[in-house]
Structure formats: C-alpha cells, structure tokens
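Notes follow the structure.
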Amino acid sequence: MKKILQRDSILLLCLLFCGTLFSQTDEEIEQQINAAFAQDSTEEVVVPVIPVITLNGAESDNYQDEGVFGLLTASRDIFVRITDFNLSAARFRQRGYDSENTMIYYNGVPMNDLESGWAGWSGWSGLNDMTRAQEIHPNLEAAGFSFGAVGGAINIDTRASSQRKQTRLTMTRSNNGNYNNRLMVSHATGMQENGWAFAASMSRRWAEEAYIPGTFFEGYSYFLSVDRQVTEKDLLNVQILGAPNTRGKAGASVQEMYDLAGTNYYNSYWGFQNGEKRNSRVARRNQPIMMLRWDHEFNDKVTLTTAANYQTGRNGSTALDWYRAPDPRPDYYRNLPSFLEESRVDERLRLESIYSNNIDSRQIDWDGFYEANRANIETINNVNGVEGNSVTGLRSRYMVLDRRYDSDKLNVNTNLTAILNDNLTFTGGLTYQHFTGHNFQTIEDLLGGDFSVDIDEFALRDFDISESDDLAQNDLNNPNRIVREGDVVGYNYDSNVRKGLAWAQGQYSKGGLGLFGAVELSTTSFWRTGLFQNGRFPDNSFGDSEKQNFFNYGLKGGVSYGIDGRNYIYANGAYQTRAPFFRDAFVSARTRNQVVPNLTSEEIISGEIAYVLRSPGAKVKIGAYYTQFNNQIEQRSFYHDVFRTFVNYTMTGVAKQHTGAEAAFEVKVPFISGLNVQGAASLGQFIYNERPSAVISLDNSAELVAEDKTVYIKNFYVPSRPQNTGTLGLEYRTSNYMTFNVNVNYFDGIWMDFNPDRRTIDGVQDVSVFSETVPENSELWDEILDQEQADDAFTVNVSIRKSFKLSNKLFMNLNFNVNNILNNTNFITNGFEQLRFDYATKDVDRFPTRYYYGRGITYFLNASFSFR
C-alpha cells in the first residue's frame with residue numbers, strides 16, 4: 001500500500017488516447033447495473049445508460065439542417081458510452097461526482113431522494129426491457145426536460161407506446177453481481193389501431209449464494225403500462241411497477257482477517273446456524289411506484305407534458321445488537337490475534353492457527369447468542385412507569401434489529417416545449433415534491449430470548465444511573481418499556497421535506513452556431529418530527545422541530561460551434577446553490593431536533609470545454625472540466641476513545657475541487673472490415689481544497705465538546721473512486737452477426753476514506769513522546785496524517801455475442817462475457833479508516849483500515865428470444 005499525498009500524473013497522460021472498444025448490448029447494461037449494487041454500501045451508484053444511436057456519414061454532414069445542438073445530442077456521448085460498463089468494477093464515477101449530482105427522471109418525473117439527494121435505480125431494477133428508452137444529457141449539456149445538474153440529467157421513457165412491439169423471453173446465468181439466475185418475460189403491443197397500447201414485464205432474479213460467501217439474493221420485478229390515445233393531441237399513460245427484493249450483504253474487513261481466511265472475499269456478516277449459513281445483514285426493499293402521465297400537443301410546435309407519481313413502502317436492513325455483552329463481531333479489534341501483546345507470541349500463534357483452520361471461529365456464533373440469551377433470566381420492575389408492574393423472563397443480551405427508512409414520496413412535474421421559430425426553442429417546467437421518511441428500528445429476532453427493554457446502554461455508563469432513570473429512556477412517553485419482536489425500539493422519527501421548483505431554458509441554433517441559457521429557482525423546507533421523547537433530550541426530541549427554509553437558484557449556459565459537418569467545439573458553464581440535505585442537517589436526527597450550527601446552502605461552480613470529431617471512420621472527443629463545491633457538510637458518528645462514548649462529528653465548510661481531462665475515440669481499422677478500436681481515459685484530480693471546521697457533540701448530551709476544530713485535510717483526495725482510469729479495446733464484427741470484444745482496463749488513484757480527527761491537533765499531539773526525532777520528521781507523524789492509497793490495477797474483459805434469425809418473426813441473441821479474465825483478486829476498489837483512534841499510544845494499527853476487493857474472474861451468460 002502506498003501512503004503518499006503527492007500525485008504523479010505525468011505517466012498517465014498517455015492514457016488520454018487509450019480506451020476500449022465497446023458496443024453496449026442490452027445484456028451488458030443489466031450486468032453494469034448489477035455491478036453498481038455489488039458492494040455493501042448505503043450509497044447507490046448512478047449508472048447512466050441509453051441505447052446508442054449511430055449517425056452515418058450523410059447525417060454527420062447535414063448540420064445546417066438540424067443545427068449543432070441536434071447533432072451533439074443525437075447520439076450518446078462517446079466517453080459515457082465507452083466507460084459505462086468497462087470501468088464500473090472500480091466504482092468509476094464520471095468526473096468523480098456523487099450520485100446527487102445527476103438528476104434522474106422516470107417518465108418525466110424527478111426521482112432523486114429528497115432526504116439524501118441520492119439517485120437510485122433499484123426502484124425499477126430487473127425491468128431492463130421496459131427501461132431501454134433513455135434520454136441522457138451528460139454533465140452541463142442542455143436538456144429538454146430539466147435544468148439538470150453538474151453530473152447531467154437522464155430521463156427514462158416507459159410509456160407503453162414507446163416500447164418496441166414484441167414478446168421477449170430472457171434467461172441468464174452469472175456469478176457476477178447479486179444474483180446467479182434470472183428469468184424475464186416482457187410483452188408490448190405498440191400503439192394499436194383502437195388507440196390503446198399495453199406493455200408488461202415480469203422477472204425473477206435469485207442466488208442461494210452469490211459470489212461472496214454468505215450473500216444471497218431473491219428479487220421479483222413487475223411492470224404494467226397502459227397508454228390511451230384520447231384524441232389526436234392527447235395521450236394518457238398510467239402504470240404501476242415494483243422491484244421487491246431481499247439480499248444478504250457483504251462488509252469490508254481488515255487485511256488480517258482476509259489473510260487468516262485465505263481469501264480477499266471473507267465476509268464477517270454470516271455464521272452457521274443449524275448447519276446453514278445465516279447472514280446478520282439482510283436488506284429488504286419493497287417500494288412500488290404508481291404513475292399517471294398526460295401528453296398534450298397544442299400544435300406541431302407546442303407540447304405540454306404533465307406527470308405525477310407516488311411511491312411508498314418499506315426499506316431497511318438488519319444488524320446485530322447487544323446489551324451488556326462482549327462485541328460479537330469476528331473482526332472486532334479485540335477479537336483479532338493482533339490485539340494480543342507481542343510478548344504473548346504463543347497465544348497469538350495458537351489463535352492465528354484456529355482462525356486459519358476453523359471457519360466457525362472467524363464467523364458469527366449464532367448458537368452462542370442463543371445460549372447466552374437462554375441463560376439470562378431477569379426481572380424488570382416498574383414496567384411502563386407503573387410502580388409494582390414487573391416482568392420476569394429471558395432478557396436477550398443479543399438480538400437482531402431491523403433498521404428501517406421507509407418513505408412516502410409524491411412527485412408532480414409539468415414541462416412545456418415551444419418551438420418559437422426555426423432557430424429558437426423554449427422549454428420550461430414546474431415541479432413539486434412531497435417527501436415523508438419514517439426512520440426507526442424494530443426487533444427482528446430476540447434469538448431465543450423473551451424480551452428486551454427500550455433503554456440506552458451508553459446512558460447507563462455515561463451518567464452512572466439505573467435502568468429506570470429518566471435519562472436512560474429512549475421514550476419517556478413509555479418508560480421502562482418491555483419490547484418484543486416487531487416492536488419499535490431505540491429511535492423513531494419522521495423526516496419531512498417539501499420542495500418547489502421552476503426552470504426555464506432557451507436554445508438558439510443557426511447553422512454551426514448553438515447557444516443556450518437556463519435558469520432555475522427553488523424553495524426547500526424540511527423539519528424533523530420526533531415520535532419518541534428521548535430521556536437525554538426531553539425538551540428537544542418529541543414533536544416537530546423548527547422548519548428550515550432555503551431559497552436557491554441556478555444559472556447555466558453554453559455555446560457550441562460546428563466548424564464543418566464533422567468538427568465541433570463547445571463550452572458550458574453553471575453556477576448553482578443547493579439546500580443542505582436533511583441527512584446532513586441534523587446533529588443527531590436519531591435522538592433530537594438539533595440542527596448543525598450555521599446551516600447554509602451549498603455552492604456549486606462548474607465549467608467544461610471539449611472538441612468533438614464525428615466522421616464515418618472515426619469519432620473522437622477530448623475535453624477538460626472544472627467543478628468547485630463549497631459549504632458542504634459531512635456527518636460521522638462513532639465511538640471516541642478520548643470521550644469514551646459515541647460522538648457526532650460534523651464537518652462544515654467542506655470544499656471539494658474536481659478538475660481533469662477526458663478523452664475517447666472510436667476508429668475503424670483500414671483494410672480490415674468489421675474491426676474497430678475504441679478507447680477512453682479520464683485523468684482527474686478530486687480533492688478537498690479547504691480546511692473544514694469540526695463540531696463534536698456527545699451523542700447522549702447536548703454539550704459541544706469541540707467547536708470550530710480545524711481539520712487539516714486540504715489536498716486530501718476524495719475517497720472511494722479512481723482518480724485516473726483508462727480502457728482500451730478491440731471489437732470485431734463478422735458478416736454473420738457475431739461480435740468479439742476484448743478490453744484492457746486500468747485504474748489508479750483509489751484513496752481510502754479517512755478518519756478526520758486524526759488530521760487535527762489532537763491526532764498528532766505528543767507524537768514526540770513516541771519518536772526519537774522532531775515530530776514533523778518522524779515516521780509516526782506521517783503514518784498518522786498521510787492518506788492511504790490502494791495499488792493501481794489492471795483488468796481484462798472479453799465477450800462474444802451472436803444473433804440468430806430463426807424465422808421471419810423469431811430472433812435469438814446469445815451473449816457470453818468473462819470479466820477480469822486474468823483473475824486479479826488483489827484489486828482494492830474501496831476502503832475506509834476506522835473512526836476510532838488510539839490517542840494514548842498513537843498506534844495507527846490498533847484500528848486498521850477496512851477494505852473492499854473487486855471480484856476475480858466472473859462470467860455472464862445470457863440468452864434471449866424475441867417474437868416480433
């Protein structure tokens with residue numbers, strides 16, 4: 001592992017003209033979506049996909065008729081198309097942006113989560129046949145349905161009349177992703193003579209055990225869309241869809257456990273129960289969407305689209321919890337051989353041998369939980385605050401909780417498009433969004449016990465009080481409450497967000513010149529509604545908090561010029577403010593209504609410039625970009641070894657700068673029919689470019705133990721994404737509809753997420769006690785402060801595709817992909833420093849970094865039959 005802060009980018013400049021040949025198929029799109037959800041993460045990755053429309057030479061030369069905007073957006077951005085699939089294994093994000101910086105629209109309605117901003121695709125996963133019609137506008141490009149964001153905007157058209165008329169059956173076998181098997185059947189009628197169109201799809205995806213041990217998947221998806229051509233100018237669409245699924249998760253672990261297990265795919269979340277693997281982290285989601293859309297054409301130049309959807313249901317994930325019992329996690333630092341002192345060599349070697357040779361010793365001990373619970377008989381007095389009311393039984397020391405974040409979402413959107421003349425087009429729209437999130441946790445399994453008590457264990461220790469004390473209660477409205485399976489426990493609150501938005505855009509195009517400008521105005525209001533009266537915050541936890549209100553705006557514009565029918569240049573810029581997200585705005589939303597001090601809107605400044613070549617034999621794009629994020633908030637909660645309790649660690653004034661260059665090309669090889677070369681490269685620098693301030697509060701107290709604490713992370717890298725990537729490939733198409741692909745991919749600049757408190761004065765205080773040199777020159781000083789970087793990595797992917805025409809109406813497609821064919825199993829794709837730190841001895845290895853590894857060799861075999 002490298003521990004450096006200085007980047008060496010010169011060696012990567014050659015990547016600007018390297019890349020991969022890839023003509024993306026439907027099956028590979030599904031595989032890419034799987035890769036996005038492969039890691040155990042709370043953040044869902046945006047995977048922009050759109051069918052490719054290829055322009056022939058005649059179309060490329062006809063810019064005078066369509067205008068430069070039509071040509072620049074008529075076919076999918078070549079850089080996006082080439083990089084989407086091949087670079088997804090390392091969590092590649094174009095320009096390093098998080099998902100809240102891309103706007104996702106489903107059938108004309110915005111779908112980004114108002115609580116967090118995340119753009120998730122899981123609401124319609126498994127419905128690939130019905131979500132192919134996508135309009136994508138990357139980065140700062142003008143979009144006809146949205147003001148957009150710095151990461152672009154995507155609209156998925158799922159109207160029944162937009163689907164290809166066919167019946168399609170798909171069967172898949174794979175070991176790459178969450179599932180191993182898939183069956184999918186879809187049918188679309190197209191618009192019929194009677195003015196009706198119907199489209200329906202169903203699928204099942206499942207794996208008894210996926211690639212990583214202990215993980216599994218069971219998912220069903222359904223979709224029904226109906227169009228009615230009410231008049232020649234009015235089209236009505238109604239649809240319902242859902243993708244309920246259950247999956248077992250995998251977590252990051254320390255290298256010591258990976259080595260003892262003999263594999264970089266060790267998963268600490270599972271253990272054997274009655275001879276079968278049971279995962280402690282099981283995610284369940286079932287949030288169906290109901291939708292209504294109306295398209296009205298005033299005339300051939302003015303159209304109005306109005307749509308609304310409602311989404312509701314459950315979303316959550318289980319986790320172990322324990323009370324007055326040892327931490328049961330197998331890779332908890334006290335359970336590792338390395339925790340034993342070096343003088344106890346024999347004991348360490350014996351424990352290492354046990355962990356290496358006995359799989360049960362390094363997994364969760366479910367049987368031990370049941371034994372501990374069945375041996376713990378207790379009597380609880382003054383139940384529900386009633387004197388003399390007592391309960392005696394088996395009180396669970398260990399249990400499984402279901403942490404829920406259910407939600408109800410209503411989104412309404414209307415857009416108007418008016419072609420004012422041959423050169424000028426106006427688009428604009430209004431949006432209203434209503435979000436209510438219900439955040440709570442329930443008891444999933446008492447593991448053989450009869451009950452638990454809804455109190456806070458840390459409060460007992462922090463305040464040296466009894467269980468019946470008011471300070472210990474999670475809900476003063478129900479003190480000393482006995483809780484059983486299915487009961488809400490710990491915390492219970494609603495997150496309320498309301499947002500209204502208006503935007504307008506003008507596009508001018510004449511000959512080779514294109515201009516556009518757009519403006520957006522929005523209001524956002526959010527507040528917390530506490531459903532529990534927390535004993536530590538009796539006056540600031542129950543009921544509605546003060547409403548936080550923000551007015552925001554955005555400006556965007558661009559110019560493009562077609563030098564001739566094949567060469568284009570363009571430049572776009574944007575300035576935008578954005579209200580803070582609910583999840584970042586509260587110090588500890590689980591316990592109280594307190595908001596982050598000096599809450600303010602985020603500021604985003606961005607610009608891009610590019611050259612594009614489109615000719616019959618070659619397509620090239622070379623560009624550069626700059627984006628500055630100011631006034632961001634980052635929240636962390638963890639056990640602090642100095643304060644000996646859980647703390648809430650809030651960094652404000654976080655600033656990030658994303659700069660870089662992108663290049664992509666696609667070239668037909670002369671004299672060899674059917675052979676193409678494609679490539680793409682991204683050379684980026686995504687850094688924190690200011691020193692934020694930290695506020696530290698105790699989780700069980702309103703006391704601020706630190707204010708305006710400077711965090712020295714200027715020039716640290718934004719973690720968990722490659723800074724530099726490249727992909728190079730060959731594609732050969734035969735005359736009998738067979739295609740061969742081989743791609744070589746390169747990843748570099750993957751930096752680990754860091755513990756911010758190590759980068760403060762407290763982190764390096766008294767380093768001289770443990771160093772024989774000046775602190776700033778000591779190795780320990782560097783070990784504490786430096787950010788950790790993963791080694792660079794290469795992967796190689798190959799694929800074969802073949803199409804068959806079985807009859808005039810029946811077609812078959814076969815697709816076989818093998819990814820990471822060289823079986824690189826040492827590829828760290830993500831990781832994070834533990835937030836605990838040994839302040840006493842400054843031992844950086846006491847709480848070592850946890851890593852995720854990319855999968856080794858994987859395959860994807862897909863067969864589809866289409867009747868048209």
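Letters A, B, ... go to the chains of the structure tokens in the order shown; residues in each chain start at 1; ligands are counted from 1 in the same order.
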**Item:** Close residues, stretch 619-627 of chain A itself excluded, 9 Å, only C-alpha atoms, min 6 positions apart in chain, as a ChimeraX atom specification
**Value:** /A:16,77-79,95,150,604-613,656-667
**Message:** Residues within 7 Å of stretch 275-287 of chain A, please, as a PyMOL selection string. Count only C-alpha atoms; anything in the same chain fewer than 2 positions from it doesn't count.
**Reply:** chain A and resi 123+214+242-249+269-273+289+311-320
Produce a file of the selected residues containing N, CA and C atoms, as a PDB file, in the first residue's frame.
```
ATOM      1  N   GLY A 123     -35.500   1.059  -7.718  1.00  0.00           N
ATOM      2  CA  GLY A 123     -36.950   1.059  -7.801  1.00  0.00           C
ATOM      3  C   GLY A 123     -37.482   0.365  -9.038  1.00  0.00           C
ATOM      4  N   GLY A 214     -21.845 -16.177   1.997  1.00  0.00           N
ATOM      5  CA  GLY A 214     -22.843 -15.667   2.920  1.00  0.00           C
ATOM      6  C   GLY A 214     -23.833 -14.706   2.312  1.00  0.00           C
ATOM      7  N   GLY A 242     -42.817  -2.283  -9.634  1.00  0.00           N
ATOM      8  CA  GLY A 242     -42.142  -2.519  -8.369  1.00  0.00           C
ATOM      9  C   GLY A 242     -41.039  -3.541  -8.538  1.00  0.00           C
ATOM     10  N   ALA A 243     -40.123  -3.537  -7.574  1.00  0.00           N
ATOM     11  CA  ALA A 243     -38.989  -4.463  -7.614  1.00  0.00           C
ATOM     12  C   ALA A 243     -38.657  -4.918  -6.193  1.00  0.00           C
ATOM     13  N   PRO A 244     -39.568  -5.651  -5.523  1.00  0.00           N
ATOM     14  CA  PRO A 244     -39.280  -6.121  -4.169  1.00  0.00           C
ATOM     15  C   PRO A 244     -38.114  -7.107  -4.179  1.00  0.00           C
ATOM     16  N   ASN A 245     -37.229  -6.965  -3.220  1.00  0.00           N
ATOM     17  CA  ASN A 245     -36.085  -7.867  -3.173  1.00  0.00           C
ATOM     18  C   ASN A 245     -35.569  -8.004  -1.746  1.00  0.00           C
ATOM     19  N   THR A 246     -34.874  -9.097  -1.521  1.00  0.00           N
ATOM     20  CA  THR A 246     -34.197  -9.390  -0.258  1.00  0.00           C
ATOM     21  C   THR A 246     -32.790  -9.848  -0.595  1.00  0.00           C
ATOM     22  N   ARG A 247     -31.804  -9.294   0.101  1.00  0.00           N
ATOM     23  CA  ARG A 247     -30.428  -9.675  -0.208  1.00  0.00           C
ATOM     24  C   ARG A 247     -29.574  -9.699   1.050  1.00  0.00           C
ATOM     25  N   GLY A 248     -28.657 -10.648   1.083  1.00  0.00           N
ATOM     26  CA  GLY A 248     -27.680 -10.718   2.154  1.00  0.00           C
ATOM     27  C   GLY A 248     -26.449  -9.920   1.786  1.00  0.00           C
ATOM     28  N   LYS A 249     -25.951  -9.120   2.708  1.00  0.00           N
ATOM     29  CA  LYS A 249     -24.880  -8.187   2.418  1.00  0.00           C
ATOM     30  C   LYS A 249     -23.499  -8.766   2.705  1.00  0.00           C
ATOM     31  N   TYR A 269     -20.167 -11.043   8.096  1.00  0.00           N
ATOM     32  CA  TYR A 269     -21.568 -10.850   8.447  1.00  0.00           C
ATOM     33  C   TYR A 269     -22.349 -12.147   8.677  1.00  0.00           C
ATOM     34  N   TRP A 270     -21.778 -13.298   8.334  1.00  0.00           N
ATOM     35  CA  TRP A 270     -22.560 -14.524   8.421  1.00  0.00           C
ATOM     36  C   TRP A 270     -21.931 -15.533   9.386  1.00  0.00           C
ATOM     37  N   GLY A 271     -22.735 -16.529   9.747  1.00  0.00           N
ATOM     38  CA  GLY A 271     -22.269 -17.643  10.562  1.00  0.00           C
ATOM     39  C   GLY A 271     -23.209 -18.821  10.366  1.00  0.00           C
ATOM     40  N   PHE A 272     -22.805 -19.985  10.840  1.00  0.00           N
ATOM     41  CA  PHE A 272     -23.637 -21.181  10.692  1.00  0.00           C
ATOM     42  C   PHE A 272     -24.675 -21.254  11.798  1.00  0.00           C
ATOM     43  N   GLN A 273     -25.912 -21.584  11.401  1.00  0.00           N
ATOM     44  CA  GLN A 273     -26.977 -21.874  12.353  1.00  0.00           C
ATOM     45  C   GLN A 273     -27.702 -23.122  11.865  1.00  0.00           C
ATOM     46  N   ILE A 289     -44.211   1.847  -7.284  1.00  0.00           N
ATOM     47  CA  ILE A 289     -44.447   3.175  -7.853  1.00  0.00           C
ATOM     48  C   ILE A 289     -45.725   3.136  -8.677  1.00  0.00           C
ATOM     49  N   GLN A 311     -44.812   6.949  -4.573  1.00  0.00           N
ATOM     50  CA  GLN A 311     -44.026   5.770  -4.192  1.00  0.00           C
ATOM     51  C   GLN A 311     -44.097   5.602  -2.684  1.00  0.00           C
ATOM     52  N   THR A 312     -44.339   4.390  -2.242  1.00  0.00           N
ATOM     53  CA  THR A 312     -44.429   4.119  -0.813  1.00  0.00           C
ATOM     54  C   THR A 312     -43.906   2.717  -0.544  1.00  0.00           C
ATOM     55  N   GLY A 313     -43.747   2.382   0.720  1.00  0.00           N
ATOM     56  CA  GLY A 313     -43.321   1.034   1.068  1.00  0.00           C
ATOM     57  C   GLY A 313     -42.203   1.019   2.086  1.00  0.00           C
ATOM     58  N   ARG A 314     -41.609  -0.160   2.238  1.00  0.00           N
ATOM     59  CA  ARG A 314     -40.601  -0.372   3.260  1.00  0.00           C
ATOM     60  C   ARG A 314     -39.213  -0.489   2.643  1.00  0.00           C
ATOM     61  N   ASN A 315     -38.228  -0.100   3.437  1.00  0.00           N
ATOM     62  CA  ASN A 315     -36.832  -0.219   3.036  1.00  0.00           C
ATOM     63  C   ASN A 315     -36.010  -0.306   4.311  1.00  0.00           C
ATOM     64  N   GLY A 316     -35.189  -1.314   4.444  1.00  0.00           N
ATOM     65  CA  GLY A 316     -34.431  -1.448   5.676  1.00  0.00           C
ATOM     66  C   GLY A 316     -33.381  -2.537   5.587  1.00  0.00           C
ATOM     67  N   SER A 317     -32.603  -2.650   6.646  1.00  0.00           N
ATOM     68  CA  SER A 317     -31.529  -3.634   6.705  1.00  0.00           C
ATOM     69  C   SER A 317     -31.316  -4.048   8.149  1.00  0.00           C
ATOM     70  N   THR A 318     -31.095  -5.332   8.370  1.00  0.00           N
ATOM     71  CA  THR A 318     -30.908  -5.839   9.726  1.00  0.00           C
ATOM     72  C   THR A 318     -29.457  -5.690  10.172  1.00  0.00           C
ATOM     73  N   ALA A 319     -29.257  -5.757  11.485  1.00  0.00           N
ATOM     74  CA  ALA A 319     -27.914  -5.690  12.073  1.00  0.00           C
ATOM     75  C   ALA A 319     -27.974  -6.277  13.475  1.00  0.00           C
ATOM     76  N   LEU A 320     -26.857  -6.798  13.940  1.00  0.00           N
ATOM     77  CA  LEU A 320     -26.764  -7.311  15.301  1.00  0.00           C
ATOM     78  C   LEU A 320     -26.758  -6.170  16.317  1.00  0.00           C
TER      79      LEU A 320
END
```
**Request:** Determine the nearest neighbour of A:Leu127 from the options A:Ile784, A:Met171, A:Ala160, A:Val185, counting only C-alpha atoms.
**Result:** A:Val185
Can you write out as CSV which residues of stretch 314-419 of chain A fall within 6 Å of stretch 450-473 of chain A, alongside each residue's closest atom pair and its distance in Å to one decimal, counting only C-alpha atoms and ordering rows by chain and ascending residue number?
```
residue,atom,partner,partner_atom,distance
A:Leu394,CA,A:Asp450,CA,5.0
A:Arg395,CA,A:Phe451,CA,5.2
A:Ser396,CA,A:Ser452,CA,5.8
```
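Ranking A:Phe671, A:Tyr717, A:Phe643, A:Tyr561 by their shortest atom-to-atom distance to A:Ala655, with only C-alpha atoms included, puts A:Tyr717 first.
Closest approach to A:Ala574 among A:Glu603, A:Val767, A:Ser522, A:Arg590: A:Glu603, based on only C-alpha atoms.
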